[in-house]
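Visitor: Got input.txt for you, compact mmCIF, N, CA and C atoms:
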# COMPACT_ATOMS: atom_id res chain seq x y z
N MET A 1075 1.72 -9.35 -10.64
CA MET A 1075 2.04 -9.59 -9.24
C MET A 1075 2.79 -8.38 -8.70
N VAL A 1076 2.36 -7.92 -7.52
CA VAL A 1076 2.98 -6.77 -6.88
C VAL A 1076 3.44 -7.19 -5.49
N GLU A 1077 4.68 -6.88 -5.15
CA GLU A 1077 5.18 -7.11 -3.80
C GLU A 1077 4.83 -5.88 -2.97
N VAL A 1078 4.14 -6.10 -1.85
CA VAL A 1078 3.74 -5.00 -0.98
C VAL A 1078 4.45 -5.18 0.36
N ARG A 1079 5.14 -4.12 0.78
CA ARG A 1079 5.80 -4.14 2.08
C ARG A 1079 5.10 -3.14 2.99
N TYR A 1080 4.83 -3.56 4.22
CA TYR A 1080 4.13 -2.74 5.20
C TYR A 1080 5.10 -2.32 6.30
N PHE A 1081 4.91 -1.11 6.82
CA PHE A 1081 5.77 -0.59 7.85
C PHE A 1081 4.96 -0.04 9.01
N ALA A 1082 5.54 -0.13 10.21
CA ALA A 1082 5.01 0.46 11.44
C ALA A 1082 3.54 0.05 11.68
N ALA A 1083 2.67 1.01 11.91
CA ALA A 1083 1.29 0.73 12.31
C ALA A 1083 0.52 -0.06 11.25
N ILE A 1084 0.80 0.17 9.99
CA ILE A 1084 0.07 -0.57 8.95
C ILE A 1084 0.49 -2.04 8.96
N ALA A 1085 1.74 -2.33 9.26
CA ALA A 1085 2.19 -3.72 9.39
C ALA A 1085 1.48 -4.39 10.56
N ASP A 1086 1.34 -3.66 11.66
CA ASP A 1086 0.61 -4.20 12.81
C ASP A 1086 -0.86 -4.46 12.45
N ALA A 1087 -1.46 -3.54 11.72
CA ALA A 1087 -2.88 -3.66 11.37
C ALA A 1087 -3.16 -4.86 10.47
N VAL A 1088 -2.26 -5.14 9.53
CA VAL A 1088 -2.48 -6.27 8.61
C VAL A 1088 -1.86 -7.56 9.13
N GLY A 1089 -1.01 -7.45 10.16
CA GLY A 1089 -0.43 -8.62 10.77
C GLY A 1089 0.72 -9.26 10.02
N LYS A 1090 1.38 -8.47 9.17
CA LYS A 1090 2.53 -8.99 8.42
C LYS A 1090 3.37 -7.84 7.90
N ALA A 1091 4.59 -8.16 7.52
CA ALA A 1091 5.52 -7.14 7.01
C ALA A 1091 5.47 -7.04 5.50
N ASN A 1092 5.05 -8.10 4.82
CA ASN A 1092 5.00 -8.05 3.36
C ASN A 1092 4.13 -9.18 2.83
N GLU A 1093 3.77 -9.04 1.57
CA GLU A 1093 3.01 -10.08 0.86
C GLU A 1093 3.04 -9.76 -0.63
N ARG A 1094 2.70 -10.75 -1.40
CA ARG A 1094 2.56 -10.57 -2.85
C ARG A 1094 1.08 -10.61 -3.19
N LEU A 1095 0.64 -9.64 -3.97
CA LEU A 1095 -0.75 -9.57 -4.38
C LEU A 1095 -0.85 -9.71 -5.89
N ASP A 1096 -1.82 -10.46 -6.31
CA ASP A 1096 -2.07 -10.66 -7.73
C ASP A 1096 -3.02 -9.56 -8.20
N LEU A 1097 -2.46 -8.48 -8.67
CA LEU A 1097 -3.24 -7.33 -9.16
C LEU A 1097 -3.03 -7.20 -10.67
N PRO A 1098 -4.00 -6.62 -11.37
CA PRO A 1098 -3.84 -6.43 -12.82
C PRO A 1098 -2.61 -5.58 -13.15
N ALA A 1099 -2.09 -5.75 -14.33
CA ALA A 1099 -0.89 -5.02 -14.78
C ALA A 1099 -1.10 -3.51 -14.74
N ASP A 1100 -2.33 -3.04 -14.90
CA ASP A 1100 -2.60 -1.60 -14.92
C ASP A 1100 -3.13 -1.09 -13.58
N ALA A 1101 -2.91 -1.85 -12.50
CA ALA A 1101 -3.42 -1.46 -11.18
C ALA A 1101 -2.77 -0.16 -10.69
N THR A 1102 -3.54 0.59 -9.91
CA THR A 1102 -3.10 1.87 -9.36
C THR A 1102 -3.08 1.80 -7.83
N VAL A 1103 -2.62 2.86 -7.21
CA VAL A 1103 -2.66 2.98 -5.75
C VAL A 1103 -4.09 2.83 -5.26
N ALA A 1104 -5.05 3.42 -5.94
CA ALA A 1104 -6.46 3.30 -5.54
C ALA A 1104 -6.90 1.83 -5.57
N ASP A 1105 -6.47 1.08 -6.57
CA ASP A 1105 -6.80 -0.35 -6.64
C ASP A 1105 -6.19 -1.09 -5.45
N LEU A 1106 -4.97 -0.75 -5.10
CA LEU A 1106 -4.32 -1.38 -3.95
C LEU A 1106 -5.09 -1.07 -2.68
N ARG A 1107 -5.47 0.18 -2.49
CA ARG A 1107 -6.25 0.54 -1.30
C ARG A 1107 -7.54 -0.27 -1.22
N ARG A 1108 -8.25 -0.39 -2.34
CA ARG A 1108 -9.51 -1.16 -2.36
C ARG A 1108 -9.25 -2.62 -2.03
N THR A 1109 -8.19 -3.18 -2.59
CA THR A 1109 -7.86 -4.58 -2.33
C THR A 1109 -7.54 -4.80 -0.85
N LEU A 1110 -6.75 -3.90 -0.28
CA LEU A 1110 -6.39 -4.04 1.13
C LEU A 1110 -7.60 -3.89 2.03
N SER A 1111 -8.48 -2.97 1.71
CA SER A 1111 -9.70 -2.78 2.49
C SER A 1111 -10.59 -4.01 2.40
N ALA A 1112 -10.73 -4.58 1.20
CA ALA A 1112 -11.55 -5.78 1.03
C ALA A 1112 -10.94 -6.98 1.75
N THR A 1113 -9.61 -7.05 1.78
CA THR A 1113 -8.93 -8.18 2.40
C THR A 1113 -8.90 -8.08 3.92
N TYR A 1114 -8.61 -6.89 4.43
CA TYR A 1114 -8.37 -6.73 5.87
C TYR A 1114 -9.50 -6.00 6.59
N GLY A 1115 -10.51 -5.56 5.87
CA GLY A 1115 -11.66 -4.91 6.49
C GLY A 1115 -11.63 -3.40 6.37
N SER A 1116 -12.81 -2.84 6.37
CA SER A 1116 -12.94 -1.39 6.17
C SER A 1116 -12.39 -0.58 7.34
N ASP A 1117 -12.11 -1.22 8.48
CA ASP A 1117 -11.47 -0.51 9.59
C ASP A 1117 -10.08 0.00 9.20
N LEU A 1118 -9.51 -0.58 8.15
CA LEU A 1118 -8.20 -0.16 7.67
C LEU A 1118 -8.27 1.14 6.85
N ASP A 1119 -9.45 1.49 6.36
CA ASP A 1119 -9.62 2.65 5.47
C ASP A 1119 -9.05 3.96 6.03
N PRO A 1120 -9.34 4.32 7.29
CA PRO A 1120 -8.78 5.59 7.79
C PRO A 1120 -7.26 5.62 7.75
N MET A 1121 -6.63 4.51 8.04
CA MET A 1121 -5.17 4.45 8.01
C MET A 1121 -4.68 4.55 6.57
N LEU A 1122 -5.32 3.85 5.65
CA LEU A 1122 -4.89 3.88 4.25
C LEU A 1122 -5.01 5.27 3.65
N LYS A 1123 -5.97 6.05 4.12
CA LYS A 1123 -6.15 7.41 3.60
C LYS A 1123 -4.98 8.33 3.93
N VAL A 1124 -4.26 8.03 5.01
CA VAL A 1124 -3.14 8.89 5.40
C VAL A 1124 -1.78 8.28 5.06
N CYS A 1125 -1.78 7.07 4.56
CA CYS A 1125 -0.52 6.42 4.18
C CYS A 1125 0.04 7.03 2.91
N ALA A 1126 1.35 6.99 2.81
CA ALA A 1126 2.06 7.32 1.57
C ALA A 1126 2.50 5.98 0.96
N PHE A 1127 2.74 5.99 -0.33
CA PHE A 1127 3.12 4.79 -1.05
C PHE A 1127 4.41 5.08 -1.81
N LEU A 1128 5.43 4.29 -1.52
CA LEU A 1128 6.70 4.43 -2.20
C LEU A 1128 6.74 3.41 -3.33
N ILE A 1129 6.74 3.90 -4.55
CA ILE A 1129 6.73 3.06 -5.74
C ILE A 1129 8.02 3.37 -6.50
N GLY A 1130 8.92 2.40 -6.52
CA GLY A 1130 10.25 2.68 -7.06
C GLY A 1130 10.91 3.69 -6.16
N ASP A 1131 11.27 4.85 -6.71
CA ASP A 1131 11.86 5.90 -5.88
C ASP A 1131 10.94 7.10 -5.76
N GLU A 1132 9.65 6.89 -6.05
CA GLU A 1132 8.68 7.99 -6.01
C GLU A 1132 7.69 7.79 -4.88
N LEU A 1133 7.60 8.78 -3.98
CA LEU A 1133 6.67 8.77 -2.87
C LEU A 1133 5.40 9.48 -3.30
N THR A 1134 4.25 8.84 -3.08
CA THR A 1134 3.00 9.42 -3.57
C THR A 1134 1.84 9.08 -2.65
N ARG A 1135 0.79 9.88 -2.76
CA ARG A 1135 -0.51 9.58 -2.18
C ARG A 1135 -1.56 9.58 -3.30
N ASP A 1136 -1.11 9.82 -4.51
CA ASP A 1136 -1.98 9.92 -5.68
C ASP A 1136 -2.59 8.56 -6.02
N GLY A 1137 -3.90 8.47 -5.93
CA GLY A 1137 -4.60 7.22 -6.21
C GLY A 1137 -4.46 6.73 -7.63
N GLU A 1138 -4.16 7.63 -8.56
CA GLU A 1138 -4.03 7.24 -9.96
C GLU A 1138 -2.64 6.76 -10.35
N MET A 1139 -1.71 6.83 -9.41
CA MET A 1139 -0.33 6.41 -9.69
C MET A 1139 -0.31 4.90 -9.96
N PRO A 1140 0.26 4.49 -11.09
CA PRO A 1140 0.32 3.06 -11.39
C PRO A 1140 1.34 2.35 -10.49
N LEU A 1141 1.00 1.12 -10.16
CA LEU A 1141 1.90 0.28 -9.36
C LEU A 1141 2.89 -0.39 -10.28
N ARG A 1142 4.11 -0.63 -9.76
CA ARG A 1142 5.07 -1.41 -10.51
C ARG A 1142 5.99 -2.13 -9.53
N GLY A 1143 6.12 -3.40 -9.73
CA GLY A 1143 7.08 -4.20 -8.98
C GLY A 1143 6.85 -4.28 -7.49
N ARG A 1144 7.35 -3.27 -6.76
CA ARG A 1144 7.26 -3.28 -5.31
C ARG A 1144 6.68 -1.95 -4.83
N VAL A 1145 5.82 -2.05 -3.82
CA VAL A 1145 5.20 -0.88 -3.21
C VAL A 1145 5.41 -0.95 -1.71
N ASP A 1146 5.92 0.12 -1.13
CA ASP A 1146 6.03 0.23 0.31
C ASP A 1146 4.88 1.09 0.81
N VAL A 1147 4.13 0.57 1.79
CA VAL A 1147 3.01 1.30 2.37
C VAL A 1147 3.49 1.90 3.69
N LEU A 1148 3.50 3.23 3.72
CA LEU A 1148 4.12 3.96 4.82
C LEU A 1148 3.10 4.83 5.55
N PRO A 1149 2.77 4.47 6.80
CA PRO A 1149 1.90 5.35 7.57
C PRO A 1149 2.67 6.58 8.01
N PRO A 1150 1.98 7.62 8.46
CA PRO A 1150 2.70 8.78 9.00
C PRO A 1150 3.57 8.34 10.18
N PHE A 1151 4.77 8.86 10.24
CA PHE A 1151 5.68 8.54 11.33
C PHE A 1151 5.78 9.74 12.25
N ALA A 1152 5.83 9.47 13.54
CA ALA A 1152 6.03 10.54 14.53
C ALA A 1152 7.48 10.49 14.98
N GLY A 1153 7.96 11.58 15.44
CA GLY A 1153 9.32 11.59 15.97
C GLY A 1153 10.00 12.90 15.71
N GLY A 1154 11.23 12.98 16.13
CA GLY A 1154 11.90 14.26 16.01
C GLY A 1154 13.20 14.18 15.29
Turn the structure described in the file into structure tokens.
Guide:
Amino acid sequence: MVEVRYFAAIADAVGKANERLDLPADATVADLRRTLSATYGSDLDPMLKVCAFLIGDELTRDGEMPLRGRVDVLPPFAGG
């Protein structure tokens, strides 16, 4: 089980701030992207391609990064 938290535009796109997903113990960021696309539709794919994923204290876009515990899905933020 992985807790996924969504922020900003990605939260708006999926219609929630967080959820728990039942993913295999060896799931990766790429697996999460595929699951989210299958669940919320392929229109989410362009956004997922530019999102960063905070896993523990490590920020990544690497699809091979293993998931653990909680993942924050972070779209690009604008601002100064």
Visitor: Would you give me, as a PyMOL selection string, the residues in chain A that DSSP reads as strand (DSSP E)?
Guide: chain A and resi 1076-1080+1092-1095+1126-1129+1132-1134+1144-1148
Visitor: Taking 5 positions as the minimum chain separation for residues in the same chain, which residues sit within 7 Å of A:Gly1137 when counting all atoms listed in the file? Answer as number ranges by chain.
Guide: A: 1102-1105
Visitor: Env of stretch 1090-1092 of chain A: 8 Å cut, atoms = all atoms listed in the file, seq-sep filter 6 positions within chain, self excluded. Answer as a list in words.
Guide: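 Result of the neighbour search: Glu1077, Val1078, Arg1079, Tyr1080, Phe1081, Ala1082 and Ile1084 of chain A.
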Visitor: I'd like the interatomic distance between atom CA of A:Leu1095 and atom C of A:Leu1133, to a tenth of an Å.
Guide: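 One can read the atom CA of A:Leu1095 to atom C of A:Leu1133 distance as 20.0 Å.
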Visitor: State, in Å with one decimal place, the distance from atom CA of A:Gly1130 to atom CA of A:Ser1111.
Guide: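 These two atoms are separated by 22.8 Å.
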Visitor: When you count all atoms listed in the file, which of these residues is closest to A:Leu1128: A:Tyr1114, A:Arg1144, A:Arg1108, A:Val1088?
Guide: A:Arg1144
Visitor: Chain A: which residues are alpha helix (DSSP H) by DSSP, as a ChimeraX atom specification?
Guide: /A:1082-1088,1103-1114,1119-1124
Visitor: Please compute the atom C of A:Asp1117-atom N of A:Pro1149 distance, one decimal, in Å.
Guide: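 The value is 13.8 Å.
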Visitor: May I ask which of the residues A:Ala1087, A:Leu1118, A:Met1075, A:Ala1101 is the closest one to A:Pro1140, counting all atoms listed in the file?
Guide: A:Ala1101
Visitor: A:Glu1132, A:Met1121, A:Thr1113, A:Ala1126: which is nearest A:Ala1083, counting all atoms listed in the file?
Guide: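 Nearest candidate to A:Ala1083 out of A:Glu1132, A:Met1121, A:Thr1113, A:Ala1126: A:Met1121.
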Visitor: From the options A:Leu1106, A:Leu1122, A:Asp1086, A:Ala1112, which residue's atoms come nearest to A:Val1145, counting only C-alpha atoms?
Guide: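 Checking each candidate against A:Val1145, we get A:Leu1106 as the closest.
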Visitor: Quick one: residues within 7 Å of A:Pro1150, only N, CA and C atoms counted, chain neighbours fewer than 2 positions away excluded, as a PyMOL selection string?
Guide: chain A and resi 1124-1126+1148+1152
Visitor: Which centre and edge lengths in Å to one decimal define the box along x, y and z that fits every listed atom of stretch 1148-1151 of chain A plus 6 Å per side, as AutoDock Vina command-line options?
Guide:
--center_x 3.8 --center_y 6.5 --center_z 8.0 --size_x 15.9 --size_y 18.5 --size_z 20.5
